[in-house]
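Shown below: coords-v3.txt, with compact mmCIF, C-alpha atoms.
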# COMPACT_ATOMS: atom_id res chain seq x y z
CA MET A 1 -101.12 19.24 56.19
CA SER A 2 -100.46 15.99 57.98
CA ASP A 3 -102.81 13.04 57.59
CA ARG A 4 -101.60 11.79 60.96
CA TYR A 5 -102.79 14.87 62.84
CA PRO A 6 -105.42 16.78 60.90
CA LEU A 7 -105.65 20.51 61.57
CA ALA A 8 -108.40 21.77 63.83
CA GLU A 9 -111.31 23.48 62.13
CA LEU A 10 -111.45 27.17 62.97
CA ASP A 11 -115.21 27.03 63.60
CA ASP A 12 -114.79 24.16 66.08
CA LEU A 13 -112.28 25.97 68.31
CA PRO A 14 -113.14 27.68 71.60
CA ASP A 15 -113.88 31.39 71.22
CA ASP A 16 -110.59 32.60 72.74
CA LEU A 17 -108.48 30.50 70.36
CA ARG A 18 -110.59 31.40 67.36
CA GLU A 19 -110.23 35.12 68.20
CA ARG A 20 -106.46 34.78 68.51
CA ILE A 21 -106.23 33.00 65.17
CA LEU A 22 -108.42 35.59 63.45
CA ALA A 23 -106.19 38.34 64.87
CA GLU A 24 -103.14 36.54 63.43
CA GLN A 25 -104.94 36.20 60.11
CA GLU A 26 -105.65 39.93 60.12
CA LYS A 27 -101.93 40.71 60.63
CA ALA A 28 -100.49 38.12 58.24
CA GLY A 29 -103.20 37.90 55.62
CA PHE A 30 -103.51 34.13 56.16
CA VAL A 31 -103.92 31.65 59.02
CA PRO A 32 -100.56 30.17 60.02
CA GLU A 33 -101.22 26.43 60.22
CA VAL A 34 -99.33 26.12 63.51
CA PHE A 35 -102.37 27.64 65.24
CA LEU A 36 -104.68 25.04 63.76
CA MET A 37 -102.27 22.19 64.55
CA PHE A 38 -101.92 23.24 68.19
CA GLY A 39 -105.65 24.02 68.27
CA ARG A 40 -106.31 20.26 68.24
CA ARG A 41 -105.64 20.45 71.97
CA PRO A 42 -106.97 23.76 73.29
CA ALA A 43 -105.40 23.62 76.77
CA GLU A 44 -101.97 22.85 75.34
CA SER A 45 -102.42 25.51 72.68
CA ARG A 46 -103.18 28.13 75.31
CA ALA A 47 -100.18 27.08 77.41
CA PHE A 48 -97.77 27.00 74.46
CA PHE A 49 -98.80 30.38 73.08
CA ALA A 50 -98.88 31.98 76.54
CA TYR A 51 -95.27 30.92 77.09
CA HIS A 52 -94.38 31.91 73.52
CA ASP A 53 -95.82 35.38 74.06
CA ALA A 54 -94.20 35.76 77.49
CA LEU A 55 -90.79 35.09 75.94
CA MET A 56 -91.07 36.62 72.51
CA GLU A 57 -92.83 39.82 73.64
CA ARG A 58 -90.81 40.34 76.82
CA GLU A 59 -89.01 43.67 77.09
CA GLY A 60 -85.28 43.39 77.66
CA ASN A 61 -81.92 43.57 75.94
CA LEU A 62 -82.91 41.09 73.24
CA SER A 63 -84.63 42.62 70.23
CA LYS A 64 -87.33 40.91 68.22
CA ALA A 65 -84.67 40.22 65.58
CA ASP A 66 -82.37 38.66 68.22
CA LYS A 67 -85.17 36.36 69.38
CA GLU A 68 -86.13 35.31 65.86
CA MET A 69 -82.45 34.72 65.11
CA ILE A 70 -82.34 32.26 68.02
CA VAL A 71 -85.44 30.48 66.72
CA VAL A 72 -84.06 30.11 63.19
CA THR A 73 -80.63 29.00 64.42
CA VAL A 74 -81.91 26.22 66.68
CA SER A 75 -84.71 25.22 64.30
CA GLY A 76 -82.11 24.71 61.58
CA GLN A 77 -80.06 22.55 63.94
CA ASN A 78 -83.19 20.55 64.73
CA ASN A 79 -84.14 20.21 61.04
CA CYS A 80 -87.55 21.80 61.59
CA LEU A 81 -88.83 22.90 58.21
CA PHE A 82 -91.88 24.67 59.63
CA CYS A 83 -90.01 26.86 62.10
CA VAL A 84 -87.09 27.62 59.78
CA VAL A 85 -89.45 28.82 57.06
CA ALA A 86 -92.06 30.59 59.21
CA HIS A 87 -89.65 32.25 61.65
CA GLY A 88 -87.16 32.82 58.86
CA ALA A 89 -89.82 34.97 57.20
CA ILE A 90 -90.34 36.97 60.39
CA LEU A 91 -86.57 37.41 60.81
CA ARG A 92 -86.12 38.61 57.23
CA ILE A 93 -88.86 41.18 57.78
CA VAL A 94 -87.74 42.52 61.17
CA LYS A 95 -84.09 42.62 60.17
CA LYS A 96 -84.81 43.86 56.64
CA ASP A 97 -82.28 41.31 55.40
CA PRO A 98 -83.35 38.78 52.73
CA TYR A 99 -80.29 36.55 53.32
CA ILE A 100 -79.91 36.16 57.09
CA SER A 101 -82.48 33.43 57.66
CA ASP A 102 -81.03 31.08 55.06
CA GLN A 103 -77.54 31.64 56.44
CA LEU A 104 -78.60 30.91 60.02
CA ALA A 105 -80.66 27.86 59.07
CA VAL A 106 -77.57 26.27 57.56
CA SER A 107 -74.88 27.50 59.97
CA TYR A 108 -74.60 30.59 62.11
CA HIS A 109 -70.81 30.23 61.62
CA LYS A 110 -71.25 31.35 58.01
CA ALA A 111 -73.88 34.02 58.63
CA ASP A 112 -73.20 37.73 58.42
CA LEU A 113 -73.48 38.47 62.14
CA THR A 114 -72.16 41.06 64.53
CA PRO A 115 -69.97 39.74 67.37
CA ARG A 116 -72.94 40.20 69.75
CA GLU A 117 -75.28 38.23 67.48
CA ARG A 118 -72.66 35.49 67.11
CA ALA A 119 -72.36 35.24 70.91
CA ILE A 120 -76.16 34.87 71.16
CA CYS A 121 -76.18 32.11 68.53
CA GLU A 122 -73.25 30.33 70.19
CA PHE A 123 -75.03 30.33 73.54
CA ALA A 124 -78.33 29.18 71.99
CA THR A 125 -76.51 26.41 70.13
CA LYS A 126 -74.86 25.15 73.28
CA VAL A 127 -78.21 25.19 75.10
CA ASN A 128 -79.79 23.34 72.17
CA LEU A 129 -77.13 20.70 71.57
CA ARG A 130 -75.03 20.42 74.74
CA SER A 131 -76.79 22.16 77.62
CA ASP A 132 -75.12 19.85 80.12
CA GLU A 133 -71.77 21.43 79.17
CA LEU A 134 -72.73 25.05 79.92
CA CYS A 135 -70.20 26.78 82.15
CA ASP A 136 -69.27 30.25 83.38
CA ALA A 137 -67.27 30.94 80.22
CA ASP A 138 -70.44 30.61 78.13
CA PHE A 139 -72.17 33.25 80.25
CA ASP A 140 -69.05 35.44 80.27
CA ALA A 141 -69.09 35.44 76.45
CA LEU A 142 -72.55 37.01 76.60
CA TYR A 143 -71.56 39.51 79.29
CA GLU A 144 -68.71 40.75 77.05
CA HIS A 145 -71.37 41.98 74.62
CA GLY A 146 -73.54 43.84 77.13
CA LEU A 147 -75.91 40.96 77.82
CA ASP A 148 -76.72 39.81 81.35
CA SER A 149 -77.95 36.74 83.20
CA GLU A 150 -81.60 37.57 82.41
CA ASP A 151 -80.72 37.68 78.72
CA ALA A 152 -79.01 34.29 79.09
CA TRP A 153 -82.23 32.98 80.67
CA ASP A 154 -84.25 34.35 77.75
CA ILE A 155 -81.91 32.75 75.21
CA ALA A 156 -82.15 29.42 77.03
CA ALA A 157 -85.93 29.63 77.42
CA ILE A 158 -86.50 30.53 73.75
CA THR A 159 -84.18 27.70 72.74
CA GLY A 160 -86.06 25.28 74.99
CA LEU A 161 -89.51 26.35 73.83
CA PHE A 162 -88.55 26.00 70.20
CA GLY A 163 -86.88 22.65 70.89
CA LEU A 164 -90.36 21.54 71.95
CA SER A 165 -91.99 23.24 69.00
CA ASN A 166 -89.47 21.77 66.53
CA ARG A 167 -90.06 18.27 67.79
CA LEU A 168 -93.85 18.57 67.65
CA ALA A 169 -93.69 20.12 64.17
CA ASN A 170 -91.45 17.29 62.98
CA ALA A 171 -93.54 14.58 64.65
CA SER A 172 -96.75 15.97 63.16
CA ASP A 173 -95.19 16.67 59.74
CA MET A 174 -96.35 20.28 60.05
CA ARG A 175 -95.69 22.19 56.84
CA PRO A 176 -95.22 25.93 56.49
CA ASN A 177 -97.88 27.93 54.73
CA PRO A 178 -96.71 28.72 51.17
CA GLU A 179 -96.95 32.44 51.94
CA PHE A 180 -94.03 32.23 54.39
CA TYR A 181 -91.52 31.25 51.70
CA LEU A 182 -91.54 34.62 49.94
CA MET A 183 -92.11 36.98 52.85
CA GLY A 184 -89.25 39.41 53.40
CA ARG A 185 -87.30 38.26 50.34
CA VAL A 186 -88.29 41.04 47.98
CA PRO A 187 -89.28 44.59 48.83
CA ARG A 188 -93.00 45.19 49.17
CA GLN A 189 -94.63 47.00 46.29
CA LYS A 190 -95.82 50.46 47.30
Just give me the structure of the file as structure tokens.
Amino acid sequence: MSDRYPLAELDDLPDDLRERILAEQEKAGFVPEVFLMFGRRPAESRAFFAYHDALMEREGNLSKADKEMIVVTVSGQNNCLFCVVAHGAILRIVKKDPYISDQLAVSYHKADLTPRERAICEFATKVNLRSDELCDADFDALYEHGLDSEDAWDIAAITGLFGLSNRLANASDMRPNPEFYLMGRVPRQK
């Protein structure tokens, strides 16, 4: 927890935010601190998570794993500990791969990716680091793998949203919950 920006108290939050956080707690078994950090400013919290949900839950050609792969790739490039660890956990779980998140956080070039996944990471990286250089060839590289202009929009929007998130997490010194570090690394006990 950051001394600079203390986390909101669950009991002090508006009902809608508290209900959302309790629903997340029910799913995860703990309260991800990002909800309490953003909860400091309820209107911004609502806006951020509404956009997050619109992008991350949108039906289309990008799977949940594809979207989390984008988040981990760009969060690694932006040196965002919180997002690499938290979204890395989600990616490990949805992909059922204990290695992929660490590989992507360091360099998608060295990750075990399909050609389609590599094209997604290349596009996200260009949006993240050199968006002013995007050209038709970047879009064509996606089209070669069955992706379309709406998928390119989604990749760019997810990259942009997590660029914002990465910067706020870094500025606030947001730390990942300890639970995230082990999630998806070892098979669950049955």
Kindly indicate which residue among A:Tyr5, A:Phe123, A:Phe30, A:Tyr99 lies nearest to A:Tyr143, using only C-alpha atoms for the distances.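 Closest residue, counting only C-alpha atoms: A:Phe123.
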Go ahead and compute the interatomic distance for atom CA of A:Leu22 and atom CA of A:Ala8, in Å to one decimal. 13.8 Å
Residues within 9 Å of (-84.4, 30.8, 67.6), file coordinates, counting all atoms listed in the file: what are they? Give the list as JSON, numbers by chain. {"A": [66, 67, 68, 69, 70, 71, 72, 73, 74, 75, 76, 83, 84, 87, 121, 124, 155, 158, 159, 162]}
Which one of A:Asp132, A:Phe49, A:Gly29, A:His109 sits closest to A:Leu17 if you count all atoms listed in the file?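 Selected residue with least distance to A:Leu17: A:Phe49.
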Using all atoms listed in the file, which residues sit within 7 Å of A:Ala169 once same-chain residues fewer than 4 positions away are excluded, as a list of chain:residue names?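 The residues that qualify are A:Cys80, A:Phe82, A:Ser165, A:Asp173, A:Met174.
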Could you write those residues out with C-alpha atoms, as a PDB file, in the coordinates of the input?
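Result went into out_30.pdb, see below:
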ATOM      1  CA  CYS A  80     -87.550  21.800  61.590  1.00  0.00           C
ATOM      2  CA  PHE A  82     -91.880  24.670  59.630  1.00  0.00           C
ATOM      3  CA  SER A 165     -91.990  23.240  69.000  1.00  0.00           C
ATOM      4  CA  ASP A 173     -95.190  16.670  59.740  1.00  0.00           C
ATOM      5  CA  MET A 174     -96.350  20.280  60.050  1.00  0.00           C
TER       6      MET A 174
END
Which value, in Å to one decimal, gives the distance between atom CA of A:Thr125 and atom CA of A:Val106?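 That distance, rounded to one decimal, is 12.6 Å.
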Given all atoms listed in the file as the counted atoms, nearest of A:Val186, A:Ala89, A:Leu168, A:Leu62 to A:Glu44: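 Among A:Val186, A:Ala89, A:Leu168, A:Leu62, it is A:Leu168 that comes nearest to A:Glu44.
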So that I can see what lies close to A:Arg40, please list as a ChimeraX atom specification the residues with an atom at most 7 Å from it, counting all atoms listed in the file and leaving out residues fewer than 2 positions away in the same chain. /A:7-8,36-38,42
A:Pro115, A:Gly184, A:Gly39, A:Gly60 ranked by distance to A:Val85, top pick (using only C-alpha atoms): A:Gly184
For A:Ile93, which of A:Ala65, A:Ala54, A:Leu142, A:Ala152 is the closest residue, counting all atoms listed in the file? A:Ala65
